[in-house]
$ cat work-v1.pdb   # PDB, C-alpha atoms
ATOM      1  CA  GLY A 148      36.690  38.312 140.714  1.00  0.00           C
ATOM      2  CA  VAL A 149      40.464  37.795 140.836  1.00  0.00           C
ATOM      3  CA  GLU A 150      42.272  39.395 143.775  1.00  0.00           C
ATOM      4  CA  LEU A 151      45.669  40.951 143.125  1.00  0.00           C
ATOM      5  CA  TYR A 152      48.428  41.149 145.758  1.00  0.00           C
ATOM      6  CA  ASN A 153      51.697  43.046 145.912  1.00  0.00           C
ATOM      7  CA  LEU A 154      54.188  40.406 147.043  1.00  0.00           C
ATOM      8  CA  ASP A 155      56.773  43.085 147.843  1.00  0.00           C
ATOM      9  CA  ALA A 156      54.457  44.476 150.534  1.00  0.00           C
ATOM     10  CA  GLY A 157      54.737  41.277 152.561  1.00  0.00           C
ATOM     11  CA  PRO A 158      54.524  39.924 155.098  1.00  0.00           C
ATOM     12  CA  HIS A 159      57.573  37.745 154.486  1.00  0.00           C
ATOM     13  CA  THR A 160      59.273  34.841 156.188  1.00  0.00           C
ATOM     14  CA  VAL A 161      63.060  35.102 156.116  1.00  0.00           C
ATOM     15  CA  PHE A 162      65.041  31.996 155.150  1.00  0.00           C
ATOM     16  CA  CYS A 163      68.752  31.313 155.250  1.00  0.00           C
ATOM     17  CA  LEU A 164      69.255  27.714 154.197  1.00  0.00           C
ATOM     18  CA  PRO A 165      72.132  26.136 156.167  1.00  0.00           C
ATOM     19  CA  ASP A 166      73.068  23.998 153.157  1.00  0.00           C
ATOM     20  CA  GLY A 167      72.063  26.591 150.590  1.00  0.00           C
ATOM     21  CA  ARG A 168      73.983  28.024 147.690  1.00  0.00           C
ATOM     22  CA  TYR A 169      73.188  31.627 148.673  1.00  0.00           C
ATOM     23  CA  ALA A 170      74.710  32.711 151.981  1.00  0.00           C
ATOM     24  CA  GLY A 171      72.393  35.642 152.650  1.00  0.00           C
ATOM     25  CA  GLU A 172      68.805  35.979 153.830  1.00  0.00           C
ATOM     26  CA  LEU A 173      65.885  35.341 151.482  1.00  0.00           C
ATOM     27  CA  PRO A 174      62.561  36.875 152.557  1.00  0.00           C
ATOM     28  CA  VAL A 175      59.787  34.960 150.772  1.00  0.00           C
ATOM     29  CA  ALA A 176      56.208  36.245 150.661  1.00  0.00           C
ATOM     30  CA  ASP A 177      53.988  34.411 153.155  1.00  0.00           C
ATOM     31  CA  LEU A 178      51.169  34.319 150.605  1.00  0.00           C
ATOM     32  CA  LEU A 179      53.222  31.948 148.458  1.00  0.00           C
ATOM     33  CA  LEU A 180      54.228  29.789 151.398  1.00  0.00           C
ATOM     34  CA  GLN A 181      50.597  29.400 152.485  1.00  0.00           C
ATOM     35  CA  ALA A 182      49.137  28.787 149.019  1.00  0.00           C
ATOM     36  CA  ASP A 183      47.696  25.332 148.340  1.00  0.00           C
ATOM     37  CA  VAL A 184      48.853  25.526 144.730  1.00  0.00           C
ATOM     38  CA  LEU A 185      51.398  27.841 143.137  1.00  0.00           C
ATOM     39  CA  ILE A 186      51.070  28.361 139.389  1.00  0.00           C
ATOM     40  CA  THR A 187      53.834  30.405 137.788  1.00  0.00           C
ATOM     41  CA  VAL A 188      53.389  31.953 134.333  1.00  0.00           C
ATOM     42  CA  PRO A 189      56.777  32.911 132.856  1.00  0.00           C
ATOM     43  CA  LEU A 190      57.555  34.327 129.444  1.00  0.00           C
ATOM     44  CA  ILE A 191      60.029  32.271 127.428  1.00  0.00           C
ATOM     45  CA  LYS A 192      63.075  34.445 126.740  1.00  0.00           C
ATOM     46  CA  THR A 193      66.817  34.774 126.786  1.00  0.00           C
ATOM     47  CA  HIS A 194      68.514  36.803 129.516  1.00  0.00           C
ATOM     48  CA  ILE A 195      71.906  38.486 129.729  1.00  0.00           C
ATOM     49  CA  THR A 196      72.283  37.735 133.451  1.00  0.00           C
ATOM     50  CA  THR A 197      71.011  34.147 133.567  1.00  0.00           C
ATOM     51  CA  ASP A 198      71.242  32.953 129.912  1.00  0.00           C
ATOM     52  CA  TYR A 199      67.498  32.326 129.793  1.00  0.00           C
ATOM     53  CA  THR A 200      64.471  32.745 132.038  1.00  0.00           C
ATOM     54  CA  VAL A 201      61.522  30.382 132.303  1.00  0.00           C
ATOM     55  CA  ALA A 202      60.237  28.415 135.324  1.00  0.00           C
ATOM     56  CA  ILE A 203      63.145  28.546 137.770  1.00  0.00           C
ATOM     57  CA  LYS A 204      64.062  32.178 137.060  1.00  0.00           C
ATOM     58  CA  ASN A 205      60.444  33.291 137.520  1.00  0.00           C
ATOM     59  CA  GLY A 206      60.817  32.420 141.202  1.00  0.00           C
ATOM     60  CA  PHE A 207      63.017  35.501 141.627  1.00  0.00           C
ATOM     61  CA  ALA A 208      59.791  37.478 142.097  1.00  0.00           C
ATOM     62  CA  HIS A 209      59.128  35.558 145.322  1.00  0.00           C
ATOM     63  CA  VAL A 210      61.531  37.895 147.144  1.00  0.00           C
ATOM     64  CA  PRO A 211      61.176  41.713 147.331  1.00  0.00           C
ATOM     65  CA  GLN A 212      62.733  44.027 144.770  1.00  0.00           C
ATOM     66  CA  ALA A 213      65.198  45.370 147.337  1.00  0.00           C
ATOM     67  CA  THR A 214      66.482  41.842 147.928  1.00  0.00           C
ATOM     68  CA  ARG A 215      66.704  41.157 144.198  1.00  0.00           C
ATOM     69  CA  THR A 216      68.734  44.340 143.704  1.00  0.00           C
ATOM     70  CA  LYS A 217      71.101  43.284 146.487  1.00  0.00           C
ATOM     71  CA  ILE A 218      71.522  39.812 145.000  1.00  0.00           C
ATOM     72  CA  HIS A 219      72.282  41.284 141.585  1.00  0.00           C
ATOM     73  CA  GLY A 220      74.928  43.500 143.166  1.00  0.00           C
ATOM     74  CA  GLN A 221      76.504  40.465 144.790  1.00  0.00           C
ATOM     75  CA  HIS A 222      76.517  38.589 141.436  1.00  0.00           C
ATOM     76  CA  MET A 223      74.716  35.721 143.178  1.00  0.00           C
ATOM     77  CA  VAL A 224      71.508  35.530 141.144  1.00  0.00           C
ATOM     78  CA  GLU A 225      72.015  31.907 140.080  1.00  0.00           C
ATOM     79  CA  ASN A 226      72.781  30.846 143.659  1.00  0.00           C
ATOM     80  CA  ALA A 227      69.697  32.582 145.023  1.00  0.00           C
ATOM     81  CA  LEU A 228      67.412  31.182 142.322  1.00  0.00           C
ATOM     82  CA  VAL A 229      68.077  27.606 143.357  1.00  0.00           C
ATOM     83  CA  ASP A 230      67.492  28.321 147.049  1.00  0.00           C
ATOM     84  CA  ILE A 231      64.297  30.294 146.371  1.00  0.00           C
ATOM     85  CA  ASN A 232      62.892  27.360 144.417  1.00  0.00           C
ATOM     86  CA  ARG A 233      63.930  24.972 147.174  1.00  0.00           C
ATOM     87  CA  ILE A 234      61.928  27.093 149.626  1.00  0.00           C
ATOM     88  CA  ARG A 235      58.829  27.201 147.397  1.00  0.00           C
ATOM     89  CA  LYS A 236      58.950  25.690 143.959  1.00  0.00           C
ATOM     90  CA  PRO A 237      55.954  26.014 141.634  1.00  0.00           C
ATOM     91  CA  ASP A 238      53.395  23.229 141.490  1.00  0.00           C
ATOM     92  CA  LEU A 239      52.602  24.057 137.877  1.00  0.00           C
ATOM     93  CA  THR A 240      54.348  26.156 135.239  1.00  0.00           C
ATOM     94  CA  VAL A 241      52.424  27.634 132.307  1.00  0.00           C
ATOM     95  CA  VAL A 242      54.910  29.090 129.840  1.00  0.00           C
ATOM     96  CA  ASP A 243      53.718  31.993 127.710  1.00  0.00           C
ATOM     97  CA  GLY A 244      55.512  31.410 124.440  1.00  0.00           C
ATOM     98  CA  TYR A 245      53.180  33.255 122.108  1.00  0.00           C
ATOM     99  CA  ASP A 246      55.906  35.793 121.457  1.00  0.00           C
ATOM    100  CA  GLY A 247      58.739  35.403 123.915  1.00  0.00           C
ATOM    101  CA  ALA A 248      61.847  37.560 123.610  1.00  0.00           C
ATOM    102  CA  ASP A 249      65.410  36.975 122.543  1.00  0.00           C
ATOM    103  CA  GLY A 250      68.706  38.827 122.440  1.00  0.00           C
ATOM    104  CA  ILE A 251      69.680  40.773 125.555  1.00  0.00           C
ATOM    105  CA  ALA A 252      66.026  40.688 126.735  1.00  0.00           C
ATOM    106  CA  GLY A 253      65.995  40.300 130.541  1.00  0.00           C
ATOM    107  CA  GLY A 254      63.488  41.940 132.839  1.00  0.00           C
ATOM    108  CA  VAL A 255      62.995  45.266 131.051  1.00  0.00           C
ATOM    109  CA  LYS A 256      64.018  44.922 127.395  1.00  0.00           C
ATOM    110  CA  PHE A 257      61.554  43.263 125.021  1.00  0.00           C
ATOM    111  CA  ASP A 258      62.219  44.946 121.680  1.00  0.00           C
ATOM    112  CA  ARG A 259      63.055  41.657 119.957  1.00  0.00           C
ATOM    113  CA  PRO A 260      59.892  39.524 120.112  1.00  0.00           C
ATOM    114  CA  ALA A 261      60.765  35.937 119.268  1.00  0.00           C
ATOM    115  CA  LYS A 262      57.353  34.995 117.803  1.00  0.00           C
ATOM    116  CA  ALA A 263      57.680  31.503 119.210  1.00  0.00           C
ATOM    117  CA  ARG A 264      53.921  30.853 118.977  1.00  0.00           C
ATOM    118  CA  LEU A 265      53.711  28.090 121.559  1.00  0.00           C
ATOM    119  CA  MET A 266      52.546  27.224 125.061  1.00  0.00           C
ATOM    120  CA  LEU A 267      54.249  24.799 127.422  1.00  0.00           C
ATOM    121  CA  VAL A 268      52.782  23.392 130.640  1.00  0.00           C
ATOM    122  CA  GLY A 269      54.499  21.168 133.177  1.00  0.00           C
ATOM    123  CA  ALA A 270      54.621  20.224 136.845  1.00  0.00           C
ATOM    124  CA  ASP A 271      58.426  19.865 137.023  1.00  0.00           C
ATOM    125  CA  PRO A 272      60.199  23.270 136.775  1.00  0.00           C
ATOM    126  CA  VAL A 273      63.551  21.724 135.860  1.00  0.00           C
ATOM    127  CA  ALA A 274      62.007  19.636 133.085  1.00  0.00           C
ATOM    128  CA  VAL A 275      60.087  22.678 131.821  1.00  0.00           C
ATOM    129  CA  ASP A 276      63.348  24.636 131.648  1.00  0.00           C
ATOM    130  CA  VAL A 277      65.146  21.786 129.882  1.00  0.00           C
ATOM    131  CA  ILE A 278      62.460  21.523 127.196  1.00  0.00           C
ATOM    132  CA  SER A 279      62.205  25.312 126.921  1.00  0.00           C
ATOM    133  CA  ARG A 280      65.932  25.466 126.214  1.00  0.00           C
ATOM    134  CA  GLN A 281      65.494  22.844 123.504  1.00  0.00           C
ATOM    135  CA  LEU A 282      62.702  24.932 122.008  1.00  0.00           C
ATOM    136  CA  MET A 283      65.090  27.928 121.985  1.00  0.00           C
ATOM    137  CA  CYS A 284      67.904  25.714 120.568  1.00  0.00           C
ATOM    138  CA  MET A 285      70.158  26.433 123.561  1.00  0.00           C
ATOM    139  CA  THR A 286      73.085  24.071 124.080  1.00  0.00           C
ATOM    140  CA  TYR A 287      75.434  26.052 126.330  1.00  0.00           C
ATOM    141  CA  ARG A 288      75.813  25.329 130.062  1.00  0.00           C
ATOM    142  CA  THR A 289      73.803  27.282 132.622  1.00  0.00           C
ATOM    143  CA  ARG A 290      74.878  26.696 136.216  1.00  0.00           C
ATOM    144  CA  TYR A 291      71.588  27.266 137.999  1.00  0.00           C
ATOM    145  CA  LEU A 292      69.807  24.639 135.911  1.00  0.00           C
ATOM    146  CA  GLU A 293      72.545  22.119 136.709  1.00  0.00           C
ATOM    147  CA  TRP A 294      72.411  23.105 140.391  1.00  0.00           C
ATOM    148  CA  ALA A 295      68.611  22.862 140.516  1.00  0.00           C
ATOM    149  CA  ALA A 296      68.732  19.309 139.188  1.00  0.00           C
ATOM    150  CA  ALA A 297      71.549  18.391 141.572  1.00  0.00           C
ATOM    151  CA  ASP A 298      69.522  19.766 144.502  1.00  0.00           C
ATOM    152  CA  GLY A 299      66.517  17.602 143.665  1.00  0.00           C
ATOM    153  CA  LEU A 300      64.211  20.223 142.168  1.00  0.00           C
ATOM    154  CA  GLY A 301      63.403  18.161 139.086  1.00  0.00           C
ATOM    155  CA  VAL A 302      64.526  16.000 136.167  1.00  0.00           C
ATOM    156  CA  ALA A 303      67.172  17.362 133.811  1.00  0.00           C
ATOM    157  CA  ASP A 304      67.743  14.292 131.616  1.00  0.00           C
ATOM    158  CA  PRO A 305      65.812  14.888 128.366  1.00  0.00           C
ATOM    159  CA  ALA A 306      65.483  11.128 127.870  1.00  0.00           C
ATOM    160  CA  ALA A 307      63.565  10.871 131.143  1.00  0.00           C
ATOM    161  CA  ILE A 308      61.128  13.705 130.352  1.00  0.00           C
ATOM    162  CA  GLU A 309      57.790  12.779 128.781  1.00  0.00           C
ATOM    163  CA  VAL A 310      56.712  15.357 126.208  1.00  0.00           C
ATOM    164  CA  ARG A 311      53.099  15.321 125.087  1.00  0.00           C
ATOM    165  CA  GLY A 312      51.559  17.229 122.222  1.00  0.00           C
ATOM    166  CA  GLU A 313      53.693  18.549 119.376  1.00  0.00           C
ATOM    167  CA  ALA A 314      57.252  17.287 119.056  1.00  0.00           C
ATOM    168  CA  VAL A 315      59.900  19.671 120.340  1.00  0.00           C
ATOM    169  CA  SER A 316      61.737  19.449 117.014  1.00  0.00           C
ATOM    170  CA  ALA A 317      58.629  20.675 115.191  1.00  0.00           C
ATOM    171  CA  LEU A 318      58.358  23.811 117.313  1.00  0.00           C
ATOM    172  CA  ALA A 319      62.021  24.611 117.955  1.00  0.00           C
ATOM    173  CA  ARG A 320      63.140  28.065 116.878  1.00  0.00           C
ATOM    174  CA  ARG A 321      66.641  29.333 117.463  1.00  0.00           C
ATOM    175  CA  PHE A 322      66.570  32.342 119.796  1.00  0.00           C
ATOM    176  CA  MET A 323      69.223  35.035 119.400  1.00  0.00           C
ATOM    177  CA  THR A 324      71.563  34.978 122.403  1.00  0.00           C
ATOM    178  CA  ALA A 325      72.498  38.025 124.446  1.00  0.00           C
ATOM    179  CA  ALA A 326      76.063  37.697 123.134  1.00  0.00           C
ATOM    180  CA  GLU A 327      74.854  37.784 119.531  1.00  0.00           C
ATOM    181  CA  GLU A 328      72.879  40.980 120.081  1.00  0.00           C
ATOM    182  CA  LEU A 329      75.867  42.625 121.771  1.00  0.00           C
ATOM    183  CA  CYS A 330      77.923  41.745 118.715  1.00  0.00           C
ATOM    184  CA  LEU A 331      75.304  43.469 116.540  1.00  0.00           C
ATOM    185  CA  VAL A 332      75.241  46.709 118.532  1.00  0.00           C
ATOM    186  CA  LEU A 333      79.037  46.776 118.966  1.00  0.00           C
ATOM    187  CA  PRO A 334      80.436  46.160 115.456  1.00  0.00           C
ATOM    188  CA  GLY A 335      83.747  44.347 115.553  1.00  0.00           C
ATOM    189  CA  LEU A 336      83.022  42.559 118.821  1.00  0.00           C
ATOM    190  CA  GLN A 337      83.442  38.795 118.745  1.00  0.00           C
ATOM    191  CA  VAL A 338      82.499  36.616 121.707  1.00  0.00           C
ATOM    192  CA  CYS A 339      84.223  33.233 122.112  1.00  0.00           C
ATOM    193  CA  ASP A 340      83.213  31.532 125.341  1.00  0.00           C
ATOM    194  CA  LEU A 341      84.992  28.252 124.528  1.00  0.00           C
ATOM    195  CA  GLY A 342      82.307  26.172 126.209  1.00  0.00           C
ATOM    196  CA  ALA A 343      82.296  28.164 129.439  1.00  0.00           C
ATOM    197  CA  CYS A 344      79.312  27.910 131.787  1.00  0.00           C
ATOM    198  CA  SER A 345      77.159  30.867 132.752  1.00  0.00           C
ATOM    199  CA  GLY A 346      79.435  31.747 135.694  1.00  0.00           C
ATOM    200  CA  CYS A 347      82.081  33.261 133.402  1.00  0.00           C
ATOM    201  CA  ARG A 348      79.903  34.063 130.396  1.00  0.00           C
ATOM    202  CA  VAL A 349      77.381  36.190 132.319  1.00  0.00           C
ATOM    203  CA  ALA A 350      80.099  38.238 134.025  1.00  0.00           C
ATOM    204  CA  ALA A 351      81.802  38.993 130.714  1.00  0.00           C
ATOM    205  CA  LEU A 352      78.587  39.872 128.865  1.00  0.00           C
ATOM    206  CA  SER A 353      77.345  42.097 131.697  1.00  0.00           C
ATOM    207  CA  ALA A 354      80.614  44.025 131.632  1.00  0.00           C
ATOM    208  CA  VAL A 355      80.331  44.493 127.860  1.00  0.00           C
ATOM    209  CA  GLN A 356      76.732  45.657 128.230  1.00  0.00           C
ATOM    210  CA  ARG A 357      77.737  48.301 130.775  1.00  0.00           C
ATOM    211  CA  TYR A 358      80.462  49.502 128.402  1.00  0.00           C
ATOM    212  CA  TRP A 359      77.925  49.766 125.581  1.00  0.00           C
ATOM    213  CA  GLU A 360      75.439  51.699 127.754  1.00  0.00           C
ATOM    214  CA  GLN A 361      78.120  54.179 128.783  1.00  0.00           C
TER     215      GLN A 361
END

$ encode --input "work-v1.pdb" --output "structure tokens"
Amino acid sequence: GVELYNLDAGPHTVFCLPDGRYAGELPVADLLLQADVLITVPLIKTHITTDYTVAIKNGFAHVPQATRTKIHGQHMVENALVDINRIRKPDLTVVDGYDGADGIAGGVKFDRPAKARLMLVGADPVAVDVISRQLMCMTYRTRYLEWAAADGLGVADPAAIEVRGEAVSALARRFMTAAEELCLVLPGLQVCDLGACSGCRVAALSAVQRYWEQ
């Protein structure tokens, strides 16, 4: 009885936020804008382009593939993610963490299942991402999470987030980072980001990945 829709087929409403972080146009599917409740169901995983992908990153599917390809080419994914969630953030996030994926992962590569064996549900996408990162033992800085909190999309202070159910420490499992997998497939490579945020780290790792693929 469930109806399926192709969000890429539209119709879309085009947004260009005057105070946004992404300068271009963002066509968002009308179906999402008109929905009474939006429930997003992301997979918990690492990502070479955005460090990790859970609640906020799942909003990238709200715009058509052609727009996503353009944004990737502009190296503005993090900027666009925050604006897309400002336009229509999820009312509820249900994180599929039965397996998850780590390493380079991303949108098409899932050959390293993380076997996280958990589920996470929350109404605040920023808080869900913060706790998800703790579950993956991530400590490095990711710009779009910081931006999302600064733009009022949710709570980023772990001390202010109420966690029910199992303790995060009991379920935490260190996920392999994209950098660590690149070091495995390119023997002799050593990555030292010296505490950089995702702005520099993602650009460097993406360049290394293209070198490896070629």

$ resolve_selection --input "work-v1.pdb" --expression "the PyMOL selection byres ((chain A and resi 165-181) around 7)" --output "PyMOL selection string"
chain A and resi 154+157-164+182-183+185+209-210+226-227+230+235

$ atom_distance --input "work-v1.pdb" --atom1 "CA of Met266 (chain A)" --atom2 "CA of Ile231 (chain A)"
24.5 Å

$ closest_residue --input "work-v1.pdb" --among "A:Gln361, A:Ser316, A:Thr289, A:Gln356" --to "Asp198 (chain A)" --atoms "all atoms listed in the file"
A:Thr289

$ residues_near_point --input "work-v1.pdb" --point "(65.7, 38.7, 127.0)" --cutoff "6 Å" --atoms "all atoms listed in the file" --output "ChimeraX atom specification"
/A:192-194,248-253

$ residues_around --input "work-v1.pdb" --residues "Cys330 (chain A)" --least-positions-apart "2" --cutoff "12 Å" --atoms "only C-alpha atoms" --output "ChimeraX atom specification"
/A:250-251,323-328,332-339,352,355-356,359

$ resolve_selection --input "work-v1.pdb" --expression "the PyMOL selection byres ((chain A and resi 265) around 6)" --output "PyMOL selection string"
chain A and resi 244-245+263-264+266

$ atom_distance --input "work-v1.pdb" --atom1 "CA of Gln281 (chain A)" --atom2 "CA of Arg320 (chain A)"
8.8 Å

$ closest_residue --input "work-v1.pdb" --among "A:Ala350, A:Ala307, A:Ala319, A:Glu360" --to "Met223 (chain A)" --atoms "all atoms listed in the file"
A:Ala350

$ residues_around --input "work-v1.pdb" --residues "Val315 (chain A)" --least-positions-apart "3" --cutoff "10 Å" --atoms "all atoms listed in the file" --output "CSV table (one decimal) with C-alpha atoms, in the frame of the given file"
chain,number,residue,atom,x,y,z
A,278,ILE,CA,62.5,21.5,127.2
A,279,SER,CA,62.2,25.3,126.9
A,281,GLN,CA,65.5,22.8,123.5
A,282,LEU,CA,62.7,24.9,122.0
A,283,MET,CA,65.1,27.9,122.0
A,310,VAL,CA,56.7,15.4,126.2
A,311,ARG,CA,53.1,15.3,125.1
A,312,GLY,CA,51.6,17.2,122.2
A,318,LEU,CA,58.4,23.8,117.3
A,319,ALA,CA,62.0,24.6,118.0
A,320,ARG,CA,63.1,28.1,116.9

$ resolve_selection --input "work-v1.pdb" --expression "the PyMOL selection byres ((chain A and resi 202) around 9)" --output "JSON list (two decimals) with C-alpha atoms, in the coordinates of the input"
[["chain", "number", "residue", "atom", "x", "y", "z"],
["A", 187, "THR", "CA", 53.83, 30.40, 137.79],
["A", 188, "VAL", "CA", 53.39, 31.95, 134.33],
["A", 189, "PRO", "CA", 56.78, 32.91, 132.86],
["A", 190, "LEU", "CA", 57.56, 34.33, 129.44],
["A", 191, "ILE", "CA", 60.03, 32.27, 127.43],
["A", 200, "THR", "CA", 64.47, 32.74, 132.04],
["A", 201, "VAL", "CA", 61.52, 30.38, 132.30],
["A", 203, "ILE", "CA", 63.14, 28.55, 137.77],
["A", 204, "LYS", "CA", 64.06, 32.18, 137.06],
["A", 205, "ASN", "CA", 60.44, 33.29, 137.52],
["A", 206, "GLY", "CA", 60.82, 32.42, 141.20],
["A", 237, "PRO", "CA", 55.95, 26.01, 141.63],
["A", 240, "THR", "CA", 54.35, 26.16, 135.24],
["A", 241, "VAL", "CA", 52.42, 27.63, 132.31],
["A", 242, "VAL", "CA", 54.91, 29.09, 129.84],
["A", 271, "ASP", "CA", 58.43, 19.86, 137.02],
["A", 272, "PRO", "CA", 60.20, 23.27, 136.78],
["A", 273, "VAL", "CA", 63.55, 21.72, 135.86],
["A", 275, "VAL", "CA", 60.09, 22.68, 131.82],
["A", 276, "ASP", "CA", 63.35, 24.64, 131.65]]

$ atom_distance --input "work-v1.pdb" --atom1 "CA of Ala306 (chain A)" --atom2 "CA of Val184 (chain A)"
27.7 Å

$ axis_aligned_box --input "work-v1.pdb" --around "region 173-188 of chain A" --padding-each-side "3 Å" --output "JSON"
{"center_x": 56.8, "center_y": 31.1, "center_z": 143.7, "size_x": 24.2, "size_y": 17.5, "size_z": 24.8}

$ closest_residue --input "work-v1.pdb" --among "A:Lys262, A:Arg357, A:Arg290, A:Arg348" --to "Phe322 (chain A)" --atoms "all atoms listed in the file"
A:Lys262

$ closest_residue --input "work-v1.pdb" --among "A:Arg215, A:Glu309, A:Ala261, A:Arg288" --to "Gly247 (chain A)" --atoms "only C-alpha atoms"
A:Ala261

$ residues_around --input "work-v1.pdb" --residues "region 300-302 of chain A" --least-positions-apart "4" --cutoff "9 Å" --atoms "all atoms listed in the file" --output "JSON list (two decimals) with C-alpha atoms, keeping the file's coordinate frame"
[["chain", "number", "residue", "atom", "x", "y", "z"],
["A", 229, "VAL", "CA", 68.08, 27.61, 143.36],
["A", 232, "ASN", "CA", 62.89, 27.36, 144.42],
["A", 233, "ARG", "CA", 63.93, 24.97, 147.17],
["A", 236, "LYS", "CA", 58.95, 25.69, 143.96],
["A", 271, "ASP", "CA", 58.43, 19.86, 137.02],
["A", 272, "PRO", "CA", 60.20, 23.27, 136.78],
["A", 273, "VAL", "CA", 63.55, 21.72, 135.86],
["A", 274, "ALA", "CA", 62.01, 19.64, 133.08],
["A", 277, "VAL", "CA", 65.15, 21.79, 129.88],
["A", 294, "TRP", "CA", 72.41, 23.10, 140.39],
["A", 295, "ALA", "CA", 68.61, 22.86, 140.52],
["A", 296, "ALA", "CA", 68.73, 19.31, 139.19],
["A", 307, "ALA", "CA", 63.56, 10.87, 131.14],
["A", 308, "ILE", "CA", 61.13, 13.70, 130.35]]

$ closest_residue --input "work-v1.pdb" --among "A:Cys284, A:Val149, A:Val224, A:Ala270" --to "Val349 (chain A)" --atoms "all atoms listed in the file"
A:Val224
